[in-house]
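The block underneath contains the structure these notes are about, expressed in structure tokens.
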Amino acid sequence: MTEDATAVGRLVLAATPMGDIGDASQRLRDALGSADVVAAEDTRRTKTLAKSLAVEITGRVVSFYDHVEAARIPALLADIEAGRTVLLVTDAGMPSVSDPGYRLVAACVERDLPVTCLPGPSAVTTALALSGLPVERFCFDGFPPRKGGQRREWLRSLATESRACVFFEAPHRLADCLADAVEVLGPERRAAVCRELTKTYEEVKRGTLAELAAWATTGVRGEITVVLEGAQPKSADPADLVDEVESLTAEGTGLKDACARIASEYNVSRRELYDAVLAARRDGAD
């Protein structure tokens, strides 16, 4: 792209194929060939992508990954302010969705610099469409915490989430994550595990959490996206929930906080649940 001192530069976010090169849009091809600067999560992969698309990158190619993101932003902003087009691409899918990009977009917004997007492949929406679950409303939670205790705490936050939840998980942690989900959310909640989306060995495994947890114990490879069914409203007798409260307190949660969490999950009175726990403790002490 020829530099024009009077032109207004812009940042262009571009989705790239997750696996099938045929998913690359013509707009992506045009942008790769015309951008003044290509900011790439992995410069080698972006050059390979361009070669596969028979596109010659004529602009400057710079790396833009997590560890250099902050350091690269000032120069990229200067390029945009000078009237240049900066194209931001990640290894696969949409920039800023669990990938670099958010901070650069925010910096452009702060300076009132133009930002646009070339839509395309996304593991989030692809998994939702393939899940076979009700996904009219959904949330995206990135990657779960790696440590078991923190992961179970995160899962508890989804106990009453009525929206479907999409998240990514590393293949070597999937079995533990699903086992924790069975423990925290119950064996009957439905989910879908999507593996290697758009690639040769694409697989979507659907079922209850118990079924999926059992399947995952044999080992799973590839890039994983999970869709979890939204929670259904619950109701119960407070006396029947005492064990769940005590389970939380055994992990270090205060009694009042544990009662509040379980009461919210099962749509019961927090005060009645608190009284039921105290009554059970008194009976156990007799």
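Note on naming: chains are A, B, ... as they come in the structure tokens, residues start from 1 per chain, ligands start from 1 in the order shown.
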Counting only C-alpha atoms, which residues of segment 113-221 of chain A fall within 9 Å of segment 24-44 of chain A, and what is the closest atom pair for each with its distance in Å at one decimal, ordered by chain and rising number, as CSV?
residue,atom,partner,partner_atom,distance
A:Leu118,CA,A:Arg27,CA,6.9
A:Pro119,CA,A:Ser25,CA,8.6
A:Gly120,CA,A:Ser25,CA,7.2
A:Pro121,CA,A:Ala24,CA,8.2
Let me see the file: selected residues, C-alpha atoms, as a PDB file, in the first residue's frame.
ATOM      1  CA  LEU A 118     -12.401  -8.667   8.935  1.00  0.00           C
ATOM      2  CA  PRO A 119     -14.748 -11.356  10.336  1.00  0.00           C
ATOM      3  CA  GLY A 120     -14.096 -15.023   9.918  1.00  0.00           C
ATOM      4  CA  PRO A 121     -13.308 -18.255  11.749  1.00  0.00           C
TER       5      PRO A 121
END
Skipping near chain neighbours, those fewer than 5 positions away, what residues fall within 9 Å of Ala191 of chain A using only C-alpha atoms, listed as an NGL selection string? :A and (131-133 or 205-209 or 212 or 226-229)
Can you write out the residues you just picked, keeping all heavy atoms, as an mmCIF file, in the first residue's frame?
data_model
loop_
_atom_site.group_PDB
_atom_site.id
_atom_site.type_symbol
_atom_site.label_atom_id
_atom_site.label_comp_id
_atom_site.auth_asym_id
_atom_site.auth_seq_id
_atom_site.Cartn_x
_atom_site.Cartn_y
_atom_site.Cartn_z
ATOM 1 N N SER A 131 -22.601 -27.738 19.049
ATOM 2 C CA SER A 131 -22.813 -28.376 20.346
ATOM 3 C C SER A 131 -24.114 -29.159 20.457
ATOM 4 O O SER A 131 -24.204 -30.134 21.199
ATOM 5 C CB SER A 131 -22.764 -27.329 21.459
ATOM 6 O OG SER A 131 -23.901 -26.480 21.403
ATOM 7 N N GLY A 132 -25.144 -28.716 19.756
ATOM 8 C CA GLY A 132 -26.446 -29.340 19.907
ATOM 9 C C GLY A 132 -27.144 -28.956 21.199
ATOM 10 O O GLY A 132 -28.122 -29.590 21.606
ATOM 11 N N LEU A 133 -26.652 -27.905 21.852
ATOM 12 C CA LEU A 133 -27.224 -27.423 23.107
ATOM 13 C C LEU A 133 -27.937 -26.092 22.887
ATOM 14 O O LEU A 133 -27.654 -25.392 21.897
ATOM 15 C CB LEU A 133 -26.104 -27.238 24.139
ATOM 16 C CG LEU A 133 -25.359 -28.502 24.551
ATOM 17 C CD1 LEU A 133 -24.124 -28.137 25.375
ATOM 18 C CD2 LEU A 133 -26.268 -29.439 25.337
ATOM 19 N N LYS A 205 -17.758 -34.481 20.693
ATOM 20 C CA LYS A 205 -18.286 -35.492 21.602
ATOM 21 C C LYS A 205 -19.351 -34.831 22.473
ATOM 22 O O LYS A 205 -19.072 -33.877 23.202
ATOM 23 C CB LYS A 205 -17.163 -36.045 22.482
ATOM 24 C CG LYS A 205 -17.515 -37.339 23.192
ATOM 25 C CD LYS A 205 -17.544 -38.510 22.233
ATOM 26 C CE LYS A 205 -17.752 -39.836 22.986
ATOM 27 N NZ LYS A 205 -17.802 -40.969 22.042
ATOM 28 N N ARG A 206 -20.570 -35.335 22.408
ATOM 29 C CA ARG A 206 -21.690 -34.748 23.153
ATOM 30 C C ARG A 206 -22.197 -35.744 24.186
ATOM 31 O O ARG A 206 -22.178 -36.956 23.954
ATOM 32 C CB ARG A 206 -22.824 -34.364 22.211
ATOM 33 C CG ARG A 206 -22.404 -33.451 21.054
ATOM 34 C CD ARG A 206 -23.545 -33.253 20.060
ATOM 35 N NE ARG A 206 -23.145 -32.445 18.916
ATOM 36 C CZ ARG A 206 -22.603 -32.933 17.806
ATOM 37 N NH1 ARG A 206 -22.390 -34.253 17.693
ATOM 38 N NH2 ARG A 206 -22.262 -32.134 16.804
ATOM 39 N N GLY A 207 -22.663 -35.236 25.321
ATOM 40 C CA GLY A 207 -23.214 -36.119 26.331
ATOM 41 C C GLY A 207 -23.306 -35.438 27.672
ATOM 42 O O GLY A 207 -23.144 -34.219 27.786
ATOM 43 N N THR A 208 -23.573 -36.222 28.720
ATOM 44 C CA THR A 208 -23.576 -35.669 30.068
ATOM 45 C C THR A 208 -22.135 -35.492 30.531
ATOM 46 O O THR A 208 -21.206 -36.083 29.965
ATOM 47 C CB THR A 208 -24.300 -36.610 31.039
ATOM 48 O OG1 THR A 208 -23.562 -37.842 31.143
ATOM 49 C CG2 THR A 208 -25.723 -36.904 30.574
ATOM 50 N N LEU A 209 -21.964 -34.707 31.580
ATOM 51 C CA LEU A 209 -20.622 -34.528 32.116
ATOM 52 C C LEU A 209 -20.020 -35.863 32.557
ATOM 53 O O LEU A 209 -18.821 -36.092 32.380
ATOM 54 C CB LEU A 209 -20.651 -33.546 33.283
ATOM 55 C CG LEU A 209 -20.813 -32.073 32.911
ATOM 56 C CD1 LEU A 209 -20.965 -31.211 34.171
ATOM 57 C CD2 LEU A 209 -19.629 -31.573 32.083
ATOM 58 N N LEU A 212 -18.826 -37.677 29.404
ATOM 59 C CA LEU A 212 -17.653 -37.029 28.818
ATOM 60 C C LEU A 212 -16.415 -37.210 29.685
ATOM 61 O O LEU A 212 -15.307 -37.377 29.175
ATOM 62 C CB LEU A 212 -17.941 -35.548 28.587
ATOM 63 C CG LEU A 212 -19.024 -35.253 27.539
ATOM 64 C CD1 LEU A 212 -19.357 -33.762 27.529
ATOM 65 C CD2 LEU A 212 -18.580 -35.706 26.154
ATOM 66 N N VAL A 226 -14.873 -26.389 24.790
ATOM 67 C CA VAL A 226 -15.963 -27.049 25.508
ATOM 68 C C VAL A 226 -17.164 -26.115 25.574
ATOM 69 O O VAL A 226 -17.021 -24.912 25.826
ATOM 70 C CB VAL A 226 -15.540 -27.439 26.942
ATOM 71 C CG1 VAL A 226 -16.697 -28.114 27.690
ATOM 72 C CG2 VAL A 226 -14.311 -28.351 26.913
ATOM 73 N N VAL A 227 -18.342 -26.662 25.343
ATOM 74 C CA VAL A 227 -19.595 -25.923 25.523
ATOM 75 C C VAL A 227 -20.362 -26.604 26.656
ATOM 76 O O VAL A 227 -20.650 -27.806 26.581
ATOM 77 C CB VAL A 227 -20.457 -25.905 24.249
ATOM 78 C CG1 VAL A 227 -21.722 -25.087 24.476
ATOM 79 C CG2 VAL A 227 -19.662 -25.333 23.079
ATOM 80 N N LEU A 228 -20.671 -25.851 27.694
ATOM 81 C CA LEU A 228 -21.388 -26.370 28.861
ATOM 82 C C LEU A 228 -22.815 -25.848 28.849
ATOM 83 O O LEU A 228 -23.048 -24.645 28.690
ATOM 84 C CB LEU A 228 -20.677 -25.925 30.141
ATOM 85 C CG LEU A 228 -21.320 -26.297 31.472
ATOM 86 C CD1 LEU A 228 -21.256 -27.808 31.694
ATOM 87 C CD2 LEU A 228 -20.615 -25.558 32.613
ATOM 88 N N GLU A 229 -23.760 -26.742 29.019
ATOM 89 C CA GLU A 229 -25.170 -26.352 29.036
ATOM 90 C C GLU A 229 -25.450 -25.391 30.191
ATOM 91 O O GLU A 229 -24.868 -25.505 31.272
ATOM 92 C CB GLU A 229 -26.026 -27.599 29.205
ATOM 93 C CG GLU A 229 -27.524 -27.348 29.233
ATOM 94 C CD GLU A 229 -28.317 -28.622 29.449
ATOM 95 O OE1 GLU A 229 -27.859 -29.487 30.227
ATOM 96 O OE2 GLU A 229 -29.392 -28.751 28.837
#
Neighbouring residues of Leu104 of chain A were defined as those with any atom within 12 Å, considering only C-alpha atoms; residues of the same chain fewer than 5 positions away were excluded. Please report them as an mmCIF file with all heavy atoms, in the first residue's frame.
data_model
loop_
_atom_site.group_PDB
_atom_site.id
_atom_site.type_symbol
_atom_site.label_atom_id
_atom_site.label_comp_id
_atom_site.auth_asym_id
_atom_site.auth_seq_id
_atom_site.Cartn_x
_atom_site.Cartn_y
_atom_site.Cartn_z
ATOM 1 N N ARG A 10 -5.289 3.089 10.029
ATOM 2 C CA ARG A 10 -6.275 2.318 10.780
ATOM 3 C C ARG A 10 -5.670 0.992 11.212
ATOM 4 O O ARG A 10 -4.682 0.517 10.642
ATOM 5 C CB ARG A 10 -7.527 2.067 9.942
ATOM 6 C CG ARG A 10 -7.269 1.262 8.678
ATOM 7 C CD ARG A 10 -8.547 0.976 7.931
ATOM 8 N NE ARG A 10 -8.298 0.210 6.715
ATOM 9 C CZ ARG A 10 -9.226 -0.459 6.046
ATOM 10 N NH1 ARG A 10 -10.484 -0.421 6.461
ATOM 11 N NH2 ARG A 10 -8.933 -1.139 4.963
ATOM 12 N N LEU A 11 -6.302 0.422 12.226
ATOM 13 C CA LEU A 11 -5.968 -0.914 12.668
ATOM 14 C C LEU A 11 -7.022 -1.865 12.116
ATOM 15 O O LEU A 11 -8.221 -1.605 12.231
ATOM 16 C CB LEU A 11 -5.963 -0.993 14.198
ATOM 17 C CG LEU A 11 -5.829 -2.392 14.810
ATOM 18 C CD1 LEU A 11 -4.472 -3.002 14.476
ATOM 19 C CD2 LEU A 11 -6.048 -2.343 16.320
ATOM 20 N N VAL A 12 -6.579 -2.956 11.517
ATOM 21 C CA VAL A 12 -7.480 -3.967 10.963
ATOM 22 C C VAL A 12 -7.237 -5.278 11.692
ATOM 23 O O VAL A 12 -6.131 -5.828 11.660
ATOM 24 C CB VAL A 12 -7.247 -4.157 9.448
ATOM 25 C CG1 VAL A 12 -8.214 -5.221 8.907
ATOM 26 C CG2 VAL A 12 -7.424 -2.841 8.698
ATOM 27 N N LEU A 13 -8.266 -5.776 12.373
ATOM 28 C CA LEU A 13 -8.197 -7.096 13.002
ATOM 29 C C LEU A 13 -8.720 -8.122 12.009
ATOM 30 O O LEU A 13 -9.791 -7.926 11.429
ATOM 31 C CB LEU A 13 -9.066 -7.136 14.263
ATOM 32 C CG LEU A 13 -8.875 -6.014 15.287
ATOM 33 C CD1 LEU A 13 -9.881 -6.164 16.418
ATOM 34 C CD2 LEU A 13 -7.468 -6.042 15.826
ATOM 35 N N ALA A 39 1.166 -7.159 11.879
ATOM 36 C CA ALA A 39 1.551 -7.536 13.239
ATOM 37 C C ALA A 39 1.029 -8.946 13.478
ATOM 38 O O ALA A 39 -0.184 -9.169 13.491
ATOM 39 C CB ALA A 39 0.966 -6.562 14.256
ATOM 40 N N PHE A 64 3.955 -9.914 17.278
ATOM 41 C CA PHE A 64 3.034 -9.315 18.248
ATOM 42 C C PHE A 64 2.403 -10.438 19.054
ATOM 43 O O PHE A 64 1.291 -10.889 18.782
ATOM 44 C CB PHE A 64 1.954 -8.497 17.522
ATOM 45 C CG PHE A 64 1.166 -7.591 18.433
ATOM 46 C CD1 PHE A 64 1.674 -6.377 18.846
ATOM 47 C CD2 PHE A 64 -0.093 -7.967 18.878
ATOM 48 C CE1 PHE A 64 0.944 -5.540 19.692
ATOM 49 C CE2 PHE A 64 -0.829 -7.147 19.718
ATOM 50 C CZ PHE A 64 -0.304 -5.938 20.127
ATOM 51 N N TYR A 65 3.146 -10.902 20.064
ATOM 52 C CA TYR A 65 2.653 -11.967 20.933
ATOM 53 C C TYR A 65 2.677 -11.475 22.373
ATOM 54 O O TYR A 65 3.109 -10.346 22.657
ATOM 55 C CB TYR A 65 3.465 -13.252 20.760
ATOM 56 C CG TYR A 65 4.959 -13.093 20.928
ATOM 57 C CD1 TYR A 65 5.567 -13.325 22.155
ATOM 58 C CD2 TYR A 65 5.768 -12.734 19.848
ATOM 59 C CE1 TYR A 65 6.938 -13.191 22.308
ATOM 60 C CE2 TYR A 65 7.137 -12.592 20.001
ATOM 61 C CZ TYR A 65 7.719 -12.823 21.225
ATOM 62 O OH TYR A 65 9.075 -12.681 21.380
ATOM 63 N N ASP A 66 2.210 -12.288 23.291
ATOM 64 C CA ASP A 66 1.962 -11.852 24.669
ATOM 65 C C ASP A 66 3.135 -11.100 25.293
ATOM 66 O O ASP A 66 2.960 -10.040 25.891
ATOM 67 C CB ASP A 66 1.609 -13.055 25.555
ATOM 68 C CG ASP A 66 0.230 -13.614 25.224
ATOM 69 O OD1 ASP A 66 -0.578 -12.857 24.648
ATOM 70 O OD2 ASP A 66 -0.036 -14.784 25.525
ATOM 71 N N VAL A 68 5.680 -9.508 24.041
ATOM 72 C CA VAL A 68 6.193 -8.278 23.420
ATOM 73 C C VAL A 68 5.076 -7.280 23.130
ATOM 74 O O VAL A 68 5.330 -6.193 22.626
ATOM 75 C CB VAL A 68 6.971 -8.587 22.111
ATOM 76 C CG1 VAL A 68 8.123 -9.537 22.381
ATOM 77 C CG2 VAL A 68 6.037 -9.149 21.037
ATOM 78 N N GLU A 69 3.844 -7.666 23.435
ATOM 79 C CA GLU A 69 2.683 -6.844 23.079
ATOM 80 C C GLU A 69 2.815 -5.408 23.572
ATOM 81 O O GLU A 69 2.666 -4.454 22.796
ATOM 82 C CB GLU A 69 1.423 -7.493 23.659
ATOM 83 C CG GLU A 69 0.135 -6.844 23.199
ATOM 84 C CD GLU A 69 -1.094 -7.603 23.696
ATOM 85 O OE1 GLU A 69 -0.940 -8.579 24.456
ATOM 86 O OE2 GLU A 69 -2.206 -7.200 23.318
ATOM 87 N N ALA A 70 3.101 -5.240 24.855
ATOM 88 C CA ALA A 70 3.163 -3.891 25.425
ATOM 89 C C ALA A 70 4.262 -3.059 24.768
ATOM 90 O O ALA A 70 4.077 -1.868 24.504
ATOM 91 C CB ALA A 70 3.394 -3.978 26.938
ATOM 92 N N ALA A 71 5.394 -3.683 24.485
ATOM 93 C CA ALA A 71 6.516 -2.959 23.893
ATOM 94 C C ALA A 71 6.257 -2.565 22.443
ATOM 95 O O ALA A 71 6.786 -1.554 21.965
ATOM 96 C CB ALA A 71 7.785 -3.809 23.980
ATOM 97 N N ARG A 72 5.433 -3.339 21.732
ATOM 98 C CA ARG A 72 5.178 -3.076 20.313
ATOM 99 C C ARG A 72 4.128 -1.976 20.092
ATOM 100 O O ARG A 72 4.103 -1.337 19.038
ATOM 101 C CB ARG A 72 4.685 -4.355 19.634
ATOM 102 C CG ARG A 72 5.727 -5.444 19.472
ATOM 103 C CD ARG A 72 6.630 -5.175 18.273
ATOM 104 N NE ARG A 72 7.438 -6.340 17.987
ATOM 105 C CZ ARG A 72 8.638 -6.575 18.502
ATOM 106 N NH1 ARG A 72 9.171 -5.691 19.345
ATOM 107 N NH2 ARG A 72 9.308 -7.660 18.183
ATOM 108 N N ILE A 73 3.245 -1.776 21.062
ATOM 109 C CA ILE A 73 2.094 -0.891 20.851
ATOM 110 C C ILE A 73 2.483 0.537 20.458
ATOM 111 O O ILE A 73 1.900 1.094 19.512
ATOM 112 C CB ILE A 73 1.173 -0.912 22.084
ATOM 113 C CG1 ILE A 73 0.425 -2.251 22.128
ATOM 114 C CG2 ILE A 73 0.175 0.247 22.063
ATOM 115 C CD1 ILE A 73 -0.459 -2.454 23.348
ATOM 116 N N PRO A 74 3.438 1.195 21.129
ATOM 117 C CA PRO A 74 3.747 2.580 20.754
ATOM 118 C C PRO A 74 4.134 2.743 19.286
ATOM 119 O O PRO A 74 3.677 3.685 18.615
ATOM 120 C CB PRO A 74 4.910 2.935 21.685
ATOM 121 C CG PRO A 74 4.707 2.064 22.881
ATOM 122 C CD PRO A 74 4.194 0.773 22.324
ATOM 123 N N ALA A 75 4.961 1.846 18.763
ATOM 124 C CA ALA A 75 5.384 1.949 17.364
ATOM 125 C C ALA A 75 4.212 1.706 16.414
ATOM 126 O O ALA A 75 4.093 2.376 15.372
ATOM 127 C CB ALA A 75 6.515 0.962 17.083
ATOM 128 N N LEU A 76 3.332 0.778 16.761
ATOM 129 C CA LEU A 76 2.180 0.508 15.901
ATOM 130 C C LEU A 76 1.203 1.679 15.908
ATOM 131 O O LEU A 76 0.625 2.030 14.870
ATOM 132 C CB LEU A 76 1.480 -0.780 16.350
ATOM 133 C CG LEU A 76 2.294 -2.070 16.159
ATOM 134 C CD1 LEU A 76 1.557 -3.260 16.756
ATOM 135 C CD2 LEU A 76 2.598 -2.304 14.689
ATOM 136 N N LEU A 77 1.034 2.298 17.069
ATOM 137 C CA LEU A 77 0.190 3.495 17.127
ATOM 138 C C LEU A 77 0.781 4.613 16.270
ATOM 139 O O LEU A 77 0.051 5.332 15.573
ATOM 140 C CB LEU A 77 0.050 3.966 18.569
ATOM 141 C CG LEU A 77 -0.746 3.063 19.522
ATOM 142 C CD1 LEU A 77 -0.686 3.615 20.937
ATOM 143 C CD2 LEU A 77 -2.190 2.919 19.062
ATOM 144 N N ALA A 78 2.100 4.748 16.319
ATOM 145 C CA ALA A 78 2.767 5.767 15.504
ATOM 146 C C ALA A 78 2.553 5.500 14.018
ATOM 147 O O ALA A 78 2.352 6.431 13.228
ATOM 148 C CB ALA A 78 4.260 5.803 15.836
ATOM 149 N N ILE A 80 -0.055 3.981 12.664
ATOM 150 C CA ILE A 80 -1.450 4.320 12.338
ATOM 151 C C ILE A 80 -1.627 5.835 12.277
ATOM 152 O O ILE A 80 -2.282 6.365 11.371
ATOM 153 C CB ILE A 80 -2.400 3.692 13.373
ATOM 154 C CG1 ILE A 80 -2.305 2.169 13.317
ATOM 155 C CG2 ILE A 80 -3.845 4.141 13.129
ATOM 156 C CD1 ILE A 80 -3.013 1.452 14.457
ATOM 157 N N VAL A 86 -2.342 -0.990 9.684
ATOM 158 C CA VAL A 86 -1.727 -2.071 10.458
ATOM 159 C C VAL A 86 -2.708 -3.231 10.503
ATOM 160 O O VAL A 86 -3.842 -3.081 10.975
ATOM 161 C CB VAL A 86 -1.381 -1.611 11.891
ATOM 162 C CG1 VAL A 86 -0.901 -2.799 12.730
ATOM 163 C CG2 VAL A 86 -0.313 -0.516 11.850
ATOM 164 N N LEU A 87 -2.278 -4.379 10.017
ATOM 165 C CA LEU A 87 -3.099 -5.585 10.024
ATOM 166 C C LEU A 87 -2.649 -6.473 11.178
ATOM 167 O O LEU A 87 -1.473 -6.815 11.282
ATOM 168 C CB LEU A 87 -2.948 -6.349 8.705
ATOM 169 C CG LEU A 87 -3.685 -7.687 8.607
ATOM 170 C CD1 LEU A 87 -5.194 -7.467 8.563
ATOM 171 C CD2 LEU A 87 -3.221 -8.468 7.381
ATOM 172 N N LEU A 88 -3.571 -6.827 12.064
ATOM 173 C CA LEU A 88 -3.253 -7.682 13.204
ATOM 174 C C LEU A 88 -3.847 -9.068 12.986
ATOM 175 O O LEU A 88 -5.054 -9.221 12.795
ATOM 176 C CB LEU A 88 -3.813 -7.080 14.495
ATOM 177 C CG LEU A 88 -3.625 -7.918 15.768
ATOM 178 C CD1 LEU A 88 -2.144 -8.126 16.060
ATOM 179 C CD2 LEU A 88 -4.320 -7.249 16.953
ATOM 180 N N PRO A 95 -8.334 -12.280 16.575
ATOM 181 C CA PRO A 95 -7.476 -11.584 17.548
ATOM 182 C C PRO A 95 -8.289 -11.066 18.728
ATOM 183 O O PRO A 95 -9.453 -10.705 18.586
ATOM 184 C CB PRO A 95 -6.903 -10.422 16.723
ATOM 185 C CG PRO A 95 -6.941 -10.894 15.315
ATOM 186 C CD PRO A 95 -8.194 -11.731 15.219
ATOM 187 N N SER A 96 -7.655 -11.061 19.885
ATOM 188 C CA SER A 96 -8.186 -10.557 21.165
ATOM 189 C C SER A 96 -9.130 -11.537 21.861
ATOM 190 O O SER A 96 -9.514 -11.306 22.999
ATOM 191 C CB SER A 96 -8.856 -9.186 21.031
ATOM 192 O OG SER A 96 -10.164 -9.286 20.545
ATOM 193 N N ASP A 99 -6.403 -14.311 22.685
ATOM 194 C CA ASP A 99 -5.199 -14.091 21.883
ATOM 195 C C ASP A 99 -4.813 -12.619 21.995
ATOM 196 O O ASP A 99 -5.620 -11.787 22.430
ATOM 197 C CB ASP A 99 -5.465 -14.438 20.407
ATOM 198 C CG ASP A 99 -5.271 -15.916 20.106
ATOM 199 O OD1 ASP A 99 -4.412 -16.539 20.759
ATOM 200 O OD2 ASP A 99 -5.972 -16.439 19.213
ATOM 201 N N VAL A 109 -8.548 3.013 20.548
ATOM 202 C CA VAL A 109 -9.796 3.655 20.958
ATOM 203 C C VAL A 109 -9.497 4.893 21.791
ATOM 204 O O VAL A 109 -10.128 5.949 21.631
ATOM 205 C CB VAL A 109 -10.677 2.662 21.744
ATOM 206 C CG1 VAL A 109 -11.867 3.370 22.380
ATOM 207 C CG2 VAL A 109 -11.154 1.535 20.830
ATOM 208 N N GLU A 110 -8.519 4.775 22.690
ATOM 209 C CA GLU A 110 -8.156 5.896 23.555
ATOM 210 C C GLU A 110 -7.664 7.093 22.748
ATOM 211 O O GLU A 110 -7.918 8.247 23.108
ATOM 212 C CB GLU A 110 -7.086 5.453 24.543
ATOM 213 C CG GLU A 110 -6.699 6.516 25.547
ATOM 214 C CD GLU A 110 -5.685 6.022 26.558
ATOM 215 O OE1 GLU A 110 -5.427 4.809 26.615
ATOM 216 O OE2 GLU A 110 -5.134 6.870 27.296
ATOM 217 N N ARG A 111 -6.987 6.824 21.643
ATOM 218 C CA ARG A 111 -6.464 7.908 20.799
ATOM 219 C C ARG A 111 -7.413 8.266 19.657
ATOM 220 O O ARG A 111 -7.055 9.044 18.776
ATOM 221 C CB ARG A 111 -5.101 7.514 20.234
ATOM 222 C CG ARG A 111 -4.036 7.311 21.296
ATOM 223 C CD ARG A 111 -2.670 7.372 20.690
ATOM 224 N NE ARG A 111 -1.618 7.059 21.646
ATOM 225 C CZ ARG A 111 -0.320 7.259 21.434
ATOM 226 N NH1 ARG A 111 0.079 7.784 20.286
ATOM 227 N NH2 ARG A 111 0.567 6.936 22.349
ATOM 228 N N LEU A 113 -8.320 6.449 17.124
ATOM 229 C CA LEU A 113 -7.809 5.963 15.842
ATOM 230 C C LEU A 113 -8.753 4.906 15.285
ATOM 231 O O LEU A 113 -9.308 4.101 16.031
ATOM 232 C CB LEU A 113 -6.406 5.365 16.013
ATOM 233 C CG LEU A 113 -5.320 6.338 16.471
ATOM 234 C CD1 LEU A 113 -4.024 5.586 16.754
ATOM 235 C CD2 LEU A 113 -5.095 7.419 15.420
ATOM 236 N N PRO A 114 -8.969 4.858 13.984
ATOM 237 C CA PRO A 114 -9.931 3.924 13.390
ATOM 238 C C PRO A 114 -9.537 2.464 13.606
ATOM 239 O O PRO A 114 -8.361 2.092 13.463
ATOM 240 C CB PRO A 114 -9.897 4.279 11.900
ATOM 241 C CG PRO A 114 -9.361 5.670 11.839
ATOM 242 C CD PRO A 114 -8.390 5.776 12.978
ATOM 243 N N VAL A 115 -10.509 1.653 13.940
ATOM 244 C CA VAL A 115 -10.323 0.213 14.092
ATOM 245 C C VAL A 115 -11.445 -0.488 13.348
ATOM 246 O O VAL A 115 -12.616 -0.112 13.481
ATOM 247 C CB VAL A 115 -10.369 -0.209 15.577
ATOM 248 C CG1 VAL A 115 -10.155 -1.724 15.707
ATOM 249 C CG2 VAL A 115 -9.343 0.540 16.398
#
Can you tell me which residues surround segment 232-248 of chain A at a distance of at most 12 Å, considering only C-alpha atoms, apart from same-chain residues fewer than 5 positions away, and format the answer as a PyMOL selection string? chain A and resi 134+149+152-153+156+158-164+183-186+188-190+253-281
Among segment 83-195 of chain A, which residues does DSSP mark as helix (DSSP H, G or I) when it is run on the backbone? Keep the chain and numbering as in the structure and answer as a VMD selection string. chain A and resid 102 to 110 123 to 130 148 to 156 171 to 185
Selection above as a file: C-alpha atoms, as a CSV table (one decimal), in the first residue's frame:
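Output file out.csv is given in full below:
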chain,number,residue,atom,x,y,z
A,102,TYR,CA,-7.2,-6.3,23.2
A,103,ARG,CA,-4.5,-3.9,24.5
A,104,LEU,CA,-3.8,-2.5,21.0
A,105,VAL,CA,-7.5,-2.0,20.3
A,106,ALA,CA,-7.9,-0.2,23.6
A,107,ALA,CA,-5.0,2.0,22.8
A,108,CYS,CA,-6.4,2.9,19.4
A,109,VAL,CA,-9.8,3.7,21.0
A,110,GLU,CA,-8.2,5.9,23.6
A,123,ALA,CA,-13.6,-21.5,17.7
A,124,VAL,CA,-16.2,-20.0,20.1
A,125,THR,CA,-19.1,-19.6,17.6
A,126,THR,CA,-18.2,-22.8,15.7
A,127,ALA,CA,-18.3,-24.9,18.9
A,128,LEU,CA,-21.6,-23.3,19.9
A,129,ALA,CA,-23.2,-24.1,16.5
A,130,LEU,CA,-22.0,-27.7,16.7
A,148,GLY,CA,-7.7,-28.0,41.0
A,149,GLY,CA,-9.0,-25.9,43.9
A,150,GLN,CA,-9.2,-22.7,41.8
A,151,ARG,CA,-10.8,-24.6,39.0
A,152,ARG,CA,-13.6,-26.0,41.3
A,153,GLU,CA,-14.2,-22.5,42.6
A,154,TRP,CA,-14.6,-21.3,39.0
A,155,LEU,CA,-17.0,-24.2,38.3
A,156,ARG,CA,-19.1,-23.3,41.3
A,171,PRO,CA,-5.9,-31.5,26.2
A,172,HIS,CA,-3.7,-32.8,29.1
A,173,ARG,CA,-6.0,-31.1,31.6
A,174,LEU,CA,-9.4,-31.9,30.1
A,175,ALA,CA,-10.0,-35.2,32.0
A,176,ASP,CA,-9.3,-33.4,35.4
A,177,CYS,CA,-11.5,-30.5,34.4
A,178,LEU,CA,-14.4,-32.7,33.4
A,179,ALA,CA,-14.0,-34.8,36.6
A,180,ASP,CA,-14.2,-31.6,38.7
A,181,ALA,CA,-17.2,-30.5,36.7
A,182,VAL,CA,-19.0,-33.8,37.6
A,183,GLU,CA,-18.2,-33.2,41.2
A,184,VAL,CA,-19.3,-29.6,41.3
A,185,LEU,CA,-22.0,-29.4,38.7
Just asking: which residues within segment 217-247 of chain A are strand (DSSP E or B) according to DSSP, as a list in words? Ile224, Thr225, Val226, Val227 and Leu228 of chain A
